[in-house]
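Scroll down for the structure; my scribbles are underneath it.
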Amino acid sequence: MSESAQIVKNIIEELLDKLSVDAVIEVENTLNDCQFMVRTSEGGLLIGENGKNLAAFHHLVKKISEKKFKEEENFSFSLDVNDYRLKIIDELKNFARLNAQRVRYFKKEIVLRPMTSFERRIVHEVLSDCPDITTESRGNEPCRQVVIKPYL
């Protein structure tokens with residue numbers, strides 16, 4: 001494990017300890033980043049409603065780690081609890097593909113529900129391989145939406 005990954009793991013462990021949450025942290029290096037998976041029986045507390053606590057926890061870990069790293073060091077990582085984000089990503093990919101099929105069939109654009117930048121990026125990535133579909137984001141945060149359109 002790299003020194004940067006160890007720093008982030010220590011931050012996660014320290015925060016979980018302060019929250020009195022018993023957990024095991026798994027670390028996996030990928031091509032793009034380092035993934036930290038928290039396994040705990042208290043996942044509901046860490047995930048929160050619609051993943052809001054998880055997003056806040058990830059943001060907190062990111063901000064603390066940025067203070068510990070040197071300015072020139074850019075360490076990218078993701079944080080998940082009990083595979084919650086992984087399941088959300090799979091559901092979002094299926095949702096995007098289903099709506100792309102609807103756009104193909106009806107030949108009309110579909111405006112999706114407001115999404116976070118993380119969710120929008122996933123939709124754009126999944127549909128980027130479809131030559132007959134184009135996507136764009138519209139609106140202002142926090143109500144920014146993805147629009148799926150037939151490619152003309």
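Convention: chains lettered A, B, ... in structure tokens order; per-chain residue numbering from 1; ligands numbered from 1 as shown.
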Subject >> For stretch 93-96 of chain A: contacts at 8 Å, only C-alpha atoms, fewer than 2 positions along chain excluded, given as a PyMOL selection string >> reply: chain A and resi 89-91+98-100+122-123+126-127
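Close contacts of A:Asp22, defined as residues with an atom at most 12 Å away when counting only C-alpha atoms, with chain neighbours fewer than 4 positions off set aside, comprise Ile12, Glu13, Glu14, Leu15, Leu16, Asp17, Lys18, Val38, Arg39, Thr40, Ser41, Glu42, Gly43, Leu45 and Leu46 of chain A.
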Subject >> Residues within 12 Å of A:Phe118, only C-alpha atoms, excluding chain neighbours under 2 positions, as number ranges by chain >> reply: A: 55, 78, 85, 88-89, 92, 114-116, 120-125, 144-146
Return as a Markdown table the residues of stretch 50-143 of chain A lying at most 12 Å from stretch 27-32 of chain A, together with the closest atom-to-atom pair for each and the distance in Å to one decimal, counting only C-alpha atoms, with rows in chain order and ascending residue number.
| residue | atom | partner | partner_atom | distance |
| --- | --- | --- | --- | --- |
| A:Asn74 | CA | A:Asn32 | CA | 11.7 |
| A:Phe75 | CA | A:Asn32 | CA | 9.9 |
| A:Ser76 | CA | A:Asn32 | CA | 7.6 |
| A:Phe77 | CA | A:Asn32 | CA | 8.5 |
| A:Ser78 | CA | A:Glu28 | CA | 10.0 |
| A:Leu79 | CA | A:Val27 | CA | 9.6 |
| A:Asp80 | CA | A:Val27 | CA | 10.6 |
Subject >> DSSP strand (DSSP E) residues within stretch 47-120 of chain A, as a ChimeraX atom specification >> reply: /A:77-81,110-114
Subject >> From A:Thr135, A:Asn50, A:Ser128, A:Ser4, residue lying nearest A:Lys62 [only C-alpha atoms] >> reply: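 Among the listed residues, A:Ser4 lies closest to A:Lys62.
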**OP:** Please provide as a count of residues only all residues within 10 Å of A:Gly44, with the sequence filter that same-chain residues fewer than 5 positions apart are discarded (counting only C-alpha atoms).
**Re:** 7
Subject >> alpha helix (DSSP H) call set, DSSP backbone run, chain A, as a count of residues only >> reply: 72
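Distances to A:Ile7 were evaluated for A:Gln101, A:Ser65, A:Thr134, A:Asn140 using only C-alpha atoms, and the minimum falls at A:Ser65.
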Subject >> Pairwise distance for atom CA of A:Glu26 and atom CA of A:Glu3, rounded to one decimal in Å >> reply: 15.4 Å
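Among the candidate residues A:Glu119, A:Cys143, A:Ile11, A:Val24, the one lying nearest to A:Val61 is A:Ile11, with distances computed using only C-alpha atoms.
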**OP:** Could you jot down the atom CA of A:Lys149 to atom CA of A:Val103 separation for me, Å, one decimal place?
**Re:**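 Rounded to one decimal, the two atoms are 6.4 Å apart.
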